[in-house]
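Note: the block below is protein-v1.pdb and it holds PDB, C-alpha atoms, pLDDT in the B column.
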MODEL        1
ATOM      1  CA  VAL A   1       0.000   0.000   0.000  1.00 65.00           C
ATOM      2  CA  ASP A   2       1.448   3.370  -1.058  1.00 78.00           C
ATOM      3  CA  ALA A   3       0.693   5.503   1.994  1.00 78.00           C
ATOM      4  CA  PHE A   4       2.371   7.965   4.370  1.00 76.00           C
ATOM      5  CA  VAL A   5       1.740   9.305   7.838  1.00 79.00           C
ATOM      6  CA  TYR A   6       0.545  12.891   8.183  1.00 78.00           C
ATOM      7  CA  HIS A   7      -0.027  15.205  11.092  1.00 77.00           C
ATOM      8  CA  ILE A   8      -0.475  18.957  11.112  1.00 77.00           C
ATOM      9  CA  LYS A   9       2.567  19.393  13.352  1.00 76.00           C
ATOM     10  CA  TYR A  10       4.746  17.810  10.654  1.00 75.00           C
ATOM     11  CA  GLU A  11       4.429  21.005   8.612  1.00 74.00           C
ATOM     12  CA  PHE A  12       5.975  23.018  11.421  1.00 76.00           C
ATOM     13  CA  ALA A  13       8.674  20.374  11.854  1.00 77.00           C
ATOM     14  CA  ILE A  14       9.720  20.659   8.202  1.00 76.00           C
ATOM     15  CA  GLN A  15       9.633  24.445   8.500  1.00 77.00           C
ATOM     16  CA  ASP A  16      11.866  24.402  11.575  1.00 77.00           C
ATOM     17  CA  ALA A  17      14.296  22.040   9.863  1.00 79.00           C
ATOM     18  CA  GLU A  18      14.748  24.480   6.967  1.00 82.00           C
ATOM     19  CA  MET A  19      14.634  27.625   9.111  1.00 84.00           C
ATOM     20  CA  LYS A  20      18.420  28.145   9.296  1.00 85.00           C
ATOM     21  CA  SER A  21      18.863  28.266   5.535  1.00 87.00           C
ATOM     22  CA  ILE A  22      15.710  30.369   5.086  1.00 86.00           C
ATOM     23  CA  SER A  23      16.853  32.877   7.703  1.00 88.00           C
ATOM     24  CA  LEU A  24      20.357  33.145   6.267  1.00 88.00           C
ATOM     25  CA  ARG A  25      19.042  33.619   2.742  1.00 90.00           C
ATOM     26  CA  ASN A  26      16.522  36.306   3.696  1.00 88.00           C
ATOM     27  CA  LEU A  27      18.968  38.273   5.836  1.00 88.00           C
ATOM     28  CA  LEU A  28      21.670  38.159   3.158  1.00 89.00           C
ATOM     29  CA  MET A  29      19.145  39.378   0.586  1.00 90.00           C
ATOM     30  CA  ALA A  30      18.023  42.254   2.818  1.00 89.00           C
ATOM     31  CA  MET A  31      21.500  43.609   3.584  1.00 89.00           C
ATOM     32  CA  PRO A  32      22.476  44.510  -0.035  1.00 90.00           C
ATOM     33  CA  VAL A  33      19.123  46.237  -0.511  1.00 91.00           C
ATOM     34  CA  ILE A  34      19.736  48.354   2.591  1.00 91.00           C
ATOM     35  CA  ALA A  35      23.274  49.129   1.413  1.00 91.00           C
ATOM     36  CA  LEU A  36      22.109  50.268  -2.034  1.00 93.00           C
ATOM     37  CA  SER A  37      19.331  52.375  -0.514  1.00 91.00           C
ATOM     38  CA  THR A  38      21.712  54.201   1.816  1.00 92.00           C
ATOM     39  CA  LEU A  39      24.237  54.766  -0.976  1.00 91.00           C
ATOM     40  CA  LEU A  40      21.622  56.749  -2.894  1.00 91.00           C
ATOM     41  CA  PHE A  41      21.501  59.439  -0.190  1.00 90.00           C
ATOM     42  CA  LEU A  42      24.668  59.167   1.902  1.00 92.00           C
ATOM     43  CA  HIS A  43      28.417  59.339   1.428  1.00 93.00           C
ATOM     44  CA  PRO A  44      29.904  55.846   0.870  1.00 93.00           C
ATOM     45  CA  ILE A  45      31.792  55.936   4.184  1.00 94.00           C
ATOM     46  CA  ILE A  46      28.644  56.953   6.094  1.00 94.00           C
ATOM     47  CA  ALA A  47      26.571  54.327   4.271  1.00 93.00           C
ATOM     48  CA  PHE A  48      29.156  51.656   5.081  1.00 94.00           C
ATOM     49  CA  LEU A  49      29.150  52.565   8.784  1.00 94.00           C
ATOM     50  CA  SER A  50      25.337  52.529   8.879  1.00 93.00           C
ATOM     51  CA  VAL A  51      25.100  49.102   7.240  1.00 93.00           C
ATOM     52  CA  LEU A  52      27.852  47.788   9.518  1.00 93.00           C
ATOM     53  CA  ALA A  53      25.914  49.028  12.566  1.00 93.00           C
ATOM     54  CA  VAL A  54      22.747  47.256  11.383  1.00 91.00           C
ATOM     55  CA  ALA A  55      24.600  44.004  10.740  1.00 91.00           C
ATOM     56  CA  SER A  56      26.190  44.216  14.192  1.00 92.00           C
ATOM     57  CA  ILE A  57      22.784  44.695  15.821  1.00 92.00           C
ATOM     58  CA  ASP A  58      21.387  41.568  14.147  1.00 89.00           C
ATOM     59  CA  ILE A  59      24.449  39.563  15.199  1.00 91.00           C
ATOM     60  CA  ILE A  60      23.998  40.742  18.806  1.00 93.00           C
ATOM     61  CA  LEU A  61      20.325  39.755  18.655  1.00 92.00           C
ATOM     62  CA  PHE A  62      21.336  36.278  17.499  1.00 90.00           C
ATOM     63  CA  GLY A  63      23.630  36.063  20.517  1.00 92.00           C
ATOM     64  CA  LEU A  64      20.854  37.202  22.855  1.00 91.00           C
ATOM     65  CA  MET A  65      18.566  34.544  21.380  1.00 91.00           C
ATOM     66  CA  ALA A  66      21.137  31.880  22.174  1.00 90.00           C
ATOM     67  CA  ALA A  67      21.692  33.271  25.688  1.00 92.00           C
ATOM     68  CA  THR A  68      17.983  33.417  26.555  1.00 90.00           C
ATOM     69  CA  GLY A  69      16.979  30.174  24.831  1.00 89.00           C
ATOM     70  CA  ILE A  70      14.687  31.711  22.209  1.00 89.00           C
ATOM     71  CA  PRO A  71      14.417  29.315  19.226  1.00 86.00           C
ATOM     72  CA  LEU A  72      14.775  30.322  15.611  1.00 87.00           C
ATOM     73  CA  ASN A  73      11.339  30.104  14.018  1.00 84.00           C
ATOM     74  CA  VAL A  74       9.030  32.158  11.827  1.00 84.00           C
ATOM     75  CA  ILE A  75       8.295  34.691  14.565  1.00 85.00           C
ATOM     76  CA  THR A  76      11.922  35.314  15.431  1.00 88.00           C
ATOM     77  CA  LEU A  77      12.891  35.492  11.745  1.00 88.00           C
ATOM     78  CA  LEU A  78      10.238  38.143  11.101  1.00 88.00           C
ATOM     79  CA  SER A  79      11.437  40.030  14.160  1.00 87.00           C
ATOM     80  CA  LEU A  80      15.017  39.956  12.880  1.00 88.00           C
ATOM     81  CA  LEU A  81      13.930  41.267   9.488  1.00 88.00           C
ATOM     82  CA  ILE A  82      11.924  44.032  11.169  1.00 87.00           C
ATOM     83  CA  ALA A  83      15.001  44.830  13.252  1.00 86.00           C
ATOM     84  CA  LEU A  84      16.914  45.635  10.063  1.00 86.00           C
ATOM     85  CA  GLY A  85      14.424  48.354   9.198  1.00 86.00           C
ATOM     86  CA  LEU A  86      14.209  49.744  12.730  1.00 87.00           C
ATOM     87  CA  ALA A  87      17.937  49.837  13.436  1.00 88.00           C
ATOM     88  CA  ILE A  88      19.001  51.637  10.248  1.00 89.00           C
ATOM     89  CA  ASP A  89      17.069  54.821  11.049  1.00 89.00           C
ATOM     90  CA  TYR A  90      19.210  56.132  13.887  1.00 92.00           C
ATOM     91  CA  SER A  91      22.571  55.671  12.185  1.00 92.00           C
ATOM     92  CA  CYS A  92      21.281  57.055   8.870  1.00 92.00           C
ATOM     93  CA  HIS A  93      19.724  60.142  10.461  1.00 93.00           C
ATOM     94  CA  PHE A  94      22.920  61.023  12.272  1.00 95.00           C
ATOM     95  CA  GLY A  95      25.059  60.289   9.208  1.00 93.00           C
ATOM     96  CA  HIS A  96      22.808  62.458   7.038  1.00 93.00           C
ATOM     97  CA  ALA A  97      23.078  65.313   9.536  1.00 94.00           C
ATOM     98  CA  TYR A  98      26.877  64.899   9.674  1.00 95.00           C
ATOM     99  CA  GLN A  99      27.079  65.052   5.891  1.00 92.00           C
ATOM    100  CA  HIS A 100      25.101  68.298   5.555  1.00 91.00           C
ATOM    101  CA  VAL A 101      26.078  70.385   8.600  1.00 93.00           C
ATOM    102  CA  HIS A 102      28.883  72.943   8.404  1.00 89.00           C
ATOM    103  CA  GLY A 103      32.223  72.325  10.045  1.00 88.00           C
ATOM    104  CA  GLU A 104      35.884  72.642   9.194  1.00 88.00           C
ATOM    105  CA  THR A 105      36.899  69.458  11.044  1.00 91.00           C
ATOM    106  CA  ARG A 106      35.331  66.111  11.836  1.00 92.00           C
ATOM    107  CA  GLU A 107      34.944  67.045  15.494  1.00 92.00           C
ATOM    108  CA  ALA A 108      33.142  70.276  14.583  1.00 93.00           C
ATOM    109  CA  LYS A 109      30.770  68.421  12.259  1.00 93.00           C
ATOM    110  CA  ILE A 110      30.075  65.823  14.966  1.00 94.00           C
ATOM    111  CA  ARG A 111      29.183  68.564  17.478  1.00 93.00           C
ATOM    112  CA  ASN A 112      26.952  70.368  14.991  1.00 94.00           C
ATOM    113  CA  ALA A 113      25.217  67.147  13.947  1.00 93.00           C
ATOM    114  CA  MET A 114      24.655  66.180  17.567  1.00 93.00           C
ATOM    115  CA  ASP A 115      23.173  69.619  18.291  1.00 93.00           C
ATOM    116  CA  THR A 116      20.937  69.300  15.211  1.00 92.00           C
ATOM    117  CA  VAL A 117      19.474  65.774  15.441  1.00 94.00           C
ATOM    118  CA  GLY A 118      20.868  64.240  18.634  1.00 93.00           C
ATOM    119  CA  VAL A 119      17.868  65.073  20.802  1.00 93.00           C
ATOM    120  CA  SER A 120      15.425  64.144  18.017  1.00 93.00           C
ATOM    121  CA  ILE A 121      17.000  60.701  17.582  1.00 94.00           C
ATOM    122  CA  PHE A 122      16.908  60.067  21.328  1.00 94.00           C
ATOM    123  CA  ASN A 123      13.267  61.173  21.587  1.00 94.00           C
ATOM    124  CA  ALA A 124      12.292  58.973  18.641  1.00 92.00           C
ATOM    125  CA  GLY A 125      13.844  55.907  20.236  1.00 92.00           C
ATOM    126  CA  LEU A 126      12.421  56.701  23.668  1.00 93.00           C
ATOM    127  CA  SER A 127       8.892  57.161  22.299  1.00 93.00           C
ATOM    128  CA  THR A 128       9.097  53.809  20.497  1.00 91.00           C
ATOM    129  CA  LEU A 129      10.258  52.083  23.687  1.00 92.00           C
ATOM    130  CA  LEU A 130       7.445  53.606  25.723  1.00 92.00           C
ATOM    131  CA  GLY A 131       4.862  52.847  23.015  1.00 90.00           C
ATOM    132  CA  THR A 132       5.713  49.138  22.996  1.00 89.00           C
ATOM    133  CA  LEU A 133       6.134  48.786  26.759  1.00 90.00           C
ATOM    134  CA  PHE A 134       2.589  47.466  27.251  1.00 89.00           C
ATOM    135  CA  ILE A 135       3.413  44.418  25.075  1.00 89.00           C
ATOM    136  CA  SER A 136       5.575  43.092  27.903  1.00 88.00           C
ATOM    137  CA  LEU A 137       2.413  42.521  29.979  1.00 89.00           C
ATOM    138  CA  SER A 138       0.964  40.103  27.434  1.00 87.00           C
ATOM    139  CA  ARG A 139       0.556  36.439  28.316  1.00 88.00           C
ATOM    140  CA  SER A 140       1.180  35.344  24.743  1.00 87.00           C
ATOM    141  CA  ALA A 141       4.692  34.088  24.013  1.00 85.00           C
ATOM    142  CA  LEU A 142       4.442  35.571  20.533  1.00 85.00           C
ATOM    143  CA  PHE A 143       3.987  39.119  21.827  1.00 89.00           C
ATOM    144  CA  ARG A 144       6.640  38.698  24.497  1.00 89.00           C
ATOM    145  CA  ILE A 145       9.163  37.587  21.879  1.00 89.00           C
ATOM    146  CA  PHE A 146       8.219  40.513  19.674  1.00 89.00           C
ATOM    147  CA  PHE A 147       8.671  42.858  22.654  1.00 91.00           C
ATOM    148  CA  PHE A 148      12.115  41.382  23.302  1.00 91.00           C
ATOM    149  CA  PHE A 149      13.255  42.018  19.743  1.00 91.00           C
ATOM    150  CA  VAL A 150      11.772  45.516  19.495  1.00 91.00           C
ATOM    151  CA  TRP A 151      13.334  46.693  22.736  1.00 93.00           C
ATOM    152  CA  GLY A 152      16.674  45.084  21.912  1.00 92.00           C
ATOM    153  CA  THR A 153      16.695  46.628  18.443  1.00 93.00           C
ATOM    154  CA  ILE A 154      15.780  50.139  19.620  1.00 93.00           C
ATOM    155  CA  ALA A 155      18.251  50.114  22.531  1.00 93.00           C
ATOM    156  CA  LEU A 156      21.120  48.868  20.356  1.00 94.00           C
ATOM    157  CA  GLY A 157      20.113  51.266  17.562  1.00 93.00           C
ATOM    158  CA  LEU A 158      20.326  54.234  19.929  1.00 94.00           C
ATOM    159  CA  ILE A 159      23.737  53.118  21.159  1.00 94.00           C
ATOM    160  CA  CYS A 160      25.002  52.787  17.583  1.00 93.00           C
ATOM    161  CA  GLY A 161      23.395  55.999  16.321  1.00 93.00           C
ATOM    162  CA  LEU A 162      24.447  58.255  19.194  1.00 94.00           C
ATOM    163  CA  ILE A 163      27.733  56.713  20.365  1.00 94.00           C
ATOM    164  CA  ILE A 164      29.404  54.221  18.025  1.00 94.00           C
ATOM    165  CA  VAL A 165      28.687  55.871  14.659  1.00 94.00           C
ATOM    166  CA  PRO A 166      29.714  59.393  15.864  1.00 94.00           C
ATOM    167  CA  VAL A 167      32.988  58.001  17.217  1.00 94.00           C
ATOM    168  CA  ALA A 168      33.640  56.214  13.931  1.00 94.00           C
ATOM    169  CA  LEU A 169      32.829  59.362  11.923  1.00 93.00           C
ATOM    170  CA  ALA A 170      35.172  61.389  14.132  1.00 92.00           C
ATOM    171  CA  THR A 171      37.933  58.975  13.082  1.00 92.00           C
ATOM    172  CA  ILE A 172      37.289  58.145   9.418  1.00 92.00           C
ATOM    173  CA  GLY A 173      34.376  60.404   8.459  1.00 90.00           C
ATOM    174  CA  PRO A 174      34.484  62.465   5.252  1.00 90.00           C
ATOM    175  CA  VAL A 175      35.939  65.965   5.599  1.00 84.00           C
ATOM    176  CA  PRO A 176      34.848  68.956   3.447  1.00 74.00           C
ATOM    177  CA  ARG A 177      37.161  69.393   0.481  1.00 69.00           C
ATOM    178  CA  SER A 178      37.519  73.124   1.078  1.00 60.00           C
ATOM    179  CA  ALA A 179      38.735  72.501   4.632  1.00 52.00           C
ATOM    180  CA  SER A 180      41.333  69.952   3.530  1.00 50.00           C
ATOM    181  CA  VAL A 181      42.561  72.222   0.721  1.00 49.00           C
ATOM    182  CA  ALA A 182      42.817  75.185   3.098  1.00 47.00           C
ATOM    183  CA  SER A 183      44.729  73.090   5.611  1.00 49.00           C
ATOM    184  CA  ASN A 184      47.193  71.896   2.986  1.00 52.00           C
ATOM    185  CA  SER A 185      47.720  75.395   1.588  1.00 51.00           C
ATOM    186  CA  ALA A 186      48.266  76.811   5.067  1.00 49.00           C
ATOM    187  CA  SER A 187      50.866  74.175   5.901  1.00 52.00           C
ATOM    188  CA  ASN A 188      52.608  74.700   2.551  1.00 56.00           C
ATOM    189  CA  GLY A 189      52.597  78.453   3.046  1.00 54.00           C
ATOM    190  CA  GLN A 190      54.023  78.128   6.551  1.00 56.00           C
ATOM    191  CA  ALA A 191      56.830  75.903   5.288  1.00 50.00           C
ATOM    192  CA  THR A 192      57.596  78.342   2.469  1.00 53.00           C
ATOM    193  CA  GLY A 193      57.642  81.270   4.885  1.00 53.00           C
ATOM    194  CA  GLN A 194      60.088  79.500   7.186  1.00 53.00           C
ATOM    195  CA  GLN A 195      62.402  78.814   4.260  1.00 51.00           C
ATOM    196  CA  ARG A 196      62.348  82.496   3.320  1.00 52.00           C
ATOM    197  CA  LYS A 197      63.038  83.483   6.900  1.00 49.00           C
ATOM    198  CA  LEU A 198      66.029  81.188   7.156  1.00 48.00           C
ATOM    199  CA  GLY A 199      67.381  82.345   3.815  1.00 50.00           C
ATOM    200  CA  SER A 200      67.304  86.105   4.533  1.00 48.00           C
ATOM    201  CA  PRO A 201      70.762  87.701   5.129  1.00 47.00           C
ATOM    202  CA  ASN A 202      69.780  89.734   8.197  1.00 49.00           C
ATOM    203  CA  GLY A 203      67.881  86.933   9.960  1.00 46.00           C
ATOM    204  CA  GLN A 204      64.560  88.786   9.716  1.00 48.00           C
ATOM    205  CA  GLY A 205      62.218  87.273   7.218  1.00 46.00           C
ATOM    206  CA  GLN A 206      61.001  89.534   4.434  1.00 48.00           C
ATOM    207  CA  ILE A 207      57.631  88.192   3.366  1.00 47.00           C
ATOM    208  CA  GLN A 208      56.585  88.722  -0.186  1.00 48.00           C
ATOM    209  CA  GLU A 209      53.037  89.533  -1.098  1.00 48.00           C
ATOM    210  CA  GLY A 210      50.807  86.484  -1.387  1.00 48.00           C
ATOM    211  CA  SER A 211      52.515  84.404   1.329  1.00 50.00           C
ATOM    212  CA  ASN A 212      50.229  82.361   3.569  1.00 52.00           C
ATOM    213  CA  ALA A 213      52.550  82.280   6.585  1.00 50.00           C
ATOM    214  CA  PRO A 214      51.148  83.624   9.872  1.00 49.00           C
ATOM    215  CA  PRO A 215      52.241  87.254  10.513  1.00 48.00           C
ATOM    216  CA  SER A 216      53.109  86.563  14.155  1.00 45.00           C
ATOM    217  CA  GLU A 217      56.167  84.480  13.213  1.00 44.00           C
ATOM    218  CA  PHE A 218      57.883  87.065  11.063  1.00 43.00           C
ATOM    219  CA  THR A 219      59.004  90.672  11.134  1.00 42.00           C
ATOM    220  CA  TRP A 220      57.416  92.515   8.272  1.00 42.00           C
ATOM    221  CA  VAL A 221      59.851  94.876   6.542  1.00 43.00           C
ATOM    222  CA  ARG A 222      58.705  97.415   4.032  1.00 46.00           C
ATOM    223  CA  LEU A 223      61.207  97.653   1.171  1.00 45.00           C
ATOM    224  CA  GLN A 224      61.799 101.050  -0.276  1.00 48.00           C
ATOM    225  CA  THR A 225      62.701 100.635  -3.940  1.00 49.00           C
ATOM    226  CA  GLU A 226      63.061 104.291  -4.874  1.00 51.00           C
ATOM    227  CA  PRO A 227      64.409 107.186  -2.777  1.00 53.00           C
ATOM    228  CA  GLU A 228      61.907 109.761  -1.797  1.00 54.00           C
ATOM    229  CA  GLU A 229      62.270 113.011  -3.705  1.00 57.00           C
ATOM    230  CA  THR A 230      62.930 116.189  -1.706  1.00 56.00           C
ATOM    231  CA  PRO A 231      60.557 118.931  -2.698  1.00 54.00           C
ATOM    232  CA  ARG A 232      62.317 121.892  -4.396  1.00 58.00           C
ATOM    233  CA  GLU A 233      61.755 125.457  -3.349  1.00 56.00           C
ATOM    234  CA  THR A 234      60.511 127.745  -6.087  1.00 55.00           C
ATOM    235  CA  PRO A 235      62.645 130.953  -6.327  1.00 53.00           C
ATOM    236  CA  ARG A 236      60.787 134.130  -5.627  1.00 55.00           C
ATOM    237  CA  VAL A 237      60.861 136.916  -8.190  1.00 51.00           C
ATOM    238  CA  VAL A 238      61.284 140.288  -6.580  1.00 44.00           C
TER     239      VAL A 238
ENDMDL
END
Would you mind giving the structure from this file in structure tokens?
Amino acid sequence: VDAFVYHIKYEFAIQDAEMKSISLRNLLMAMPVIALSTLLFLHPIIAFLSVLAVASIDIILFGLMAATGIPLNVITLLSLLIALGLAIDYSCHFGHAYQHVHGETREAKIRNAMDTVGVSIFNAGLSTLLGTLFISLSRSALFRIFFFFVWGTIALGLICGLIIVPVALATIGPVPRSASVASNSASNGQATGQQRKLGSPNGQGQIQEGSNAPPSEFTWVRLQTEPEETPRETPRVV
């Protein structure tokens, strides 16, 4: 007799057996889409840091699942995919503010970006945490798991968006081209001015017009190329 045994729980068993490959495939498909989306609006360095922050948050959530004994199933996979969309906001908002605020150095741009969107990012995360707090009182395991992932994602997203990403941008963030050009020209002008100072016969540097060296390091000497003419007295006719 050609027959087989069937039970409704077998469907979930097959699903759980394939869940690792399904989860890996879906997460790897989502990450390039997020990277391409951020590259459309952000500098490549900022987009890379934002995507790296999101990937780190999902890896930490995987570790928390293993530490707390939460199994990998459809609910947790959906929560991980939702975490990708929730976690990218904070890093992208700060990176976008860093890219568009004024500042001659990375540190100045970080301060201006923090003054511009820092409080807004913190309030957005705090309001989301408070809005989902009531889910923790549910008796359903599904809602409790969802609460765990939402709170973990928002908390880690705030840490990345307000601490880790700003520190990374202060180290390797893009600098305005005008600021870098001005810095290079100033250093070149200072070196040129020192060479002129050392090469002068009287030890006091004579700075030509157009030098970029700071005036405080040199004694400015006005060169007189032509002798001043003495006014002549007109003879009186008596």
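The set of residues that the PyMOL selection byres ((chain A and resi 143-156) around 8) takes from this file is Ile57, Leu61, Ile75, Thr76, Ser79, Leu80, Ala83, Leu86, Ala87, Gly125, Thr128, Leu129, Thr132, Leu133, Ile135, Ser136, Leu137, Ser138, Arg139, Ser140, Ala141, Leu142, Gly157, Leu158, Ile159 and Cys160 of chain A.
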So that I have them on file, write out the residues from the current selection with C-alpha atoms, as an mmCIF file, in the frame of the given file.
data_model
loop_
_atom_site.group_PDB
_atom_site.id
_atom_site.type_symbol
_atom_site.label_atom_id
_atom_site.label_comp_id
_atom_site.auth_asym_id
_atom_site.auth_seq_id
_atom_site.Cartn_x
_atom_site.Cartn_y
_atom_site.Cartn_z
ATOM 1 C CA ILE A 57 22.784 44.695 15.821
ATOM 2 C CA LEU A 61 20.325 39.755 18.655
ATOM 3 C CA ILE A 75 8.295 34.691 14.565
ATOM 4 C CA THR A 76 11.922 35.314 15.431
ATOM 5 C CA SER A 79 11.437 40.030 14.160
ATOM 6 C CA LEU A 80 15.017 39.956 12.880
ATOM 7 C CA ALA A 83 15.001 44.830 13.252
ATOM 8 C CA LEU A 86 14.209 49.744 12.730
ATOM 9 C CA ALA A 87 17.937 49.837 13.436
ATOM 10 C CA GLY A 125 13.844 55.907 20.236
ATOM 11 C CA THR A 128 9.097 53.809 20.497
ATOM 12 C CA LEU A 129 10.258 52.083 23.687
ATOM 13 C CA THR A 132 5.713 49.138 22.996
ATOM 14 C CA LEU A 133 6.134 48.786 26.759
ATOM 15 C CA ILE A 135 3.413 44.418 25.075
ATOM 16 C CA SER A 136 5.575 43.092 27.903
ATOM 17 C CA LEU A 137 2.413 42.521 29.979
ATOM 18 C CA SER A 138 0.964 40.103 27.434
ATOM 19 C CA ARG A 139 0.556 36.439 28.316
ATOM 20 C CA SER A 140 1.180 35.344 24.743
ATOM 21 C CA ALA A 141 4.692 34.088 24.013
ATOM 22 C CA LEU A 142 4.442 35.571 20.533
ATOM 23 C CA GLY A 157 20.113 51.266 17.562
ATOM 24 C CA LEU A 158 20.326 54.234 19.929
ATOM 25 C CA ILE A 159 23.737 53.118 21.159
ATOM 26 C CA CYS A 160 25.002 52.787 17.583
#
- Please write the residues picked by the PyMOL selection byres ((chain A and resi 16) around 12) on this file as a list in words.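 Listing what the PyMOL selection byres ((chain A and resi 16) around 12) selects in the shown file: Lys9, Tyr10, Glu11, Phe12, Ala13, Ile14, Gln15, Ala17, Glu18, Met19, Lys20, Ser21, Ile22, Ser23, Pro71, Leu72, Asn73, Val74, Ile75, Thr76 and Leu77 of chain A.
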Mind dumping the selected residues with C-alpha atoms as a PDB file, in the frame of the given file?
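Done, and the output landed in out_1.pdb:
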ATOM      1  CA  LYS A   9       2.567  19.393  13.352  1.00 76.00           C
ATOM      2  CA  TYR A  10       4.746  17.810  10.654  1.00 75.00           C
ATOM      3  CA  GLU A  11       4.429  21.005   8.612  1.00 74.00           C
ATOM      4  CA  PHE A  12       5.975  23.018  11.421  1.00 76.00           C
ATOM      5  CA  ALA A  13       8.674  20.374  11.854  1.00 77.00           C
ATOM      6  CA  ILE A  14       9.720  20.659   8.202  1.00 76.00           C
ATOM      7  CA  GLN A  15       9.633  24.445   8.500  1.00 77.00           C
ATOM      8  CA  ALA A  17      14.296  22.040   9.863  1.00 79.00           C
ATOM      9  CA  GLU A  18      14.748  24.480   6.967  1.00 82.00           C
ATOM     10  CA  MET A  19      14.634  27.625   9.111  1.00 84.00           C
ATOM     11  CA  LYS A  20      18.420  28.145   9.296  1.00 85.00           C
ATOM     12  CA  SER A  21      18.863  28.266   5.535  1.00 87.00           C
ATOM     13  CA  ILE A  22      15.710  30.369   5.086  1.00 86.00           C
ATOM     14  CA  SER A  23      16.853  32.877   7.703  1.00 88.00           C
ATOM     15  CA  PRO A  71      14.417  29.315  19.226  1.00 86.00           C
ATOM     16  CA  LEU A  72      14.775  30.322  15.611  1.00 87.00           C
ATOM     17  CA  ASN A  73      11.339  30.104  14.018  1.00 84.00           C
ATOM     18  CA  VAL A  74       9.030  32.158  11.827  1.00 84.00           C
ATOM     19  CA  ILE A  75       8.295  34.691  14.565  1.00 85.00           C
ATOM     20  CA  THR A  76      11.922  35.314  15.431  1.00 88.00           C
ATOM     21  CA  LEU A  77      12.891  35.492  11.745  1.00 88.00           C
TER      22      LEU A  77
END
- Task: Quick one: pull the distance between CA of Thr38 in chain A and CA of Ser50 in chain A, Å, one decimal.
- Result: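 These atoms are spaced 8.1 Å apart.
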- Message: At a cut-off of 12 Å around the point (23.9, 63.3, -1.3) (file coordinates), what residues fall inside when counting only C-alpha atoms? I'd like the answer as JSON, numbers by chain.
- Response: {"A": [37, 38, 39, 40, 41, 42, 43, 44, 46, 47, 95, 96, 97, 98, 99, 100]}
- Message: Ranking A:Met65, A:Ile121, A:Ser127, A:Phe48 by minimum distance to Leu36 in chain A and counting all atoms listed in the file, which one comes first?
- Response: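 Closest to Leu36 in chain A, using all atoms listed in the file: A:Phe48.
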- Query: Quick one, how far is CA of Ala53 in chain A from CA of Pro32 in chain A?
  - Reply: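 Taking CA of Ala53 in chain A as the start and CA of Pro32 in chain A as the end point, the length is 13.8 Å.
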- In Å, with one decimal, what is the gap from CA of Leu169 in chain A to CA of Leu126 in chain A?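 So the answer is 23.7 Å.
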- Using all atoms listed in the file, determine which residues lie at most 7 Å from range 106-116 of chain A, disregarding the query and same-chain residues fewer than 3 positions distant; provide the list as a ChimeraX atom specification. /A:94,97-98,101-103,166,170,173,175
- Item | Top pick for closest residue to Gly161 in chain A, considering A:Leu49, A:Leu81, A:Leu64, A:Ile59 and counting all atoms listed in the file |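 Smallest separation from Gly161 in chain A among the options: A:Leu49.
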- Message: So, with all atoms listed in the file as the atoms that count, which of A:Leu162, A:Asp89, A:Ala3, A:Val33 lies closest to Val119 in chain A?
- Response: A:Leu162
- Looking at all atoms listed in the file, which of A:Ser91, A:Ser120, A:Ile34, A:Gly69 is the one that sits closest to Ile163 in chain A?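 For Ile163 in chain A, the nearest of the given residues is A:Ser91.
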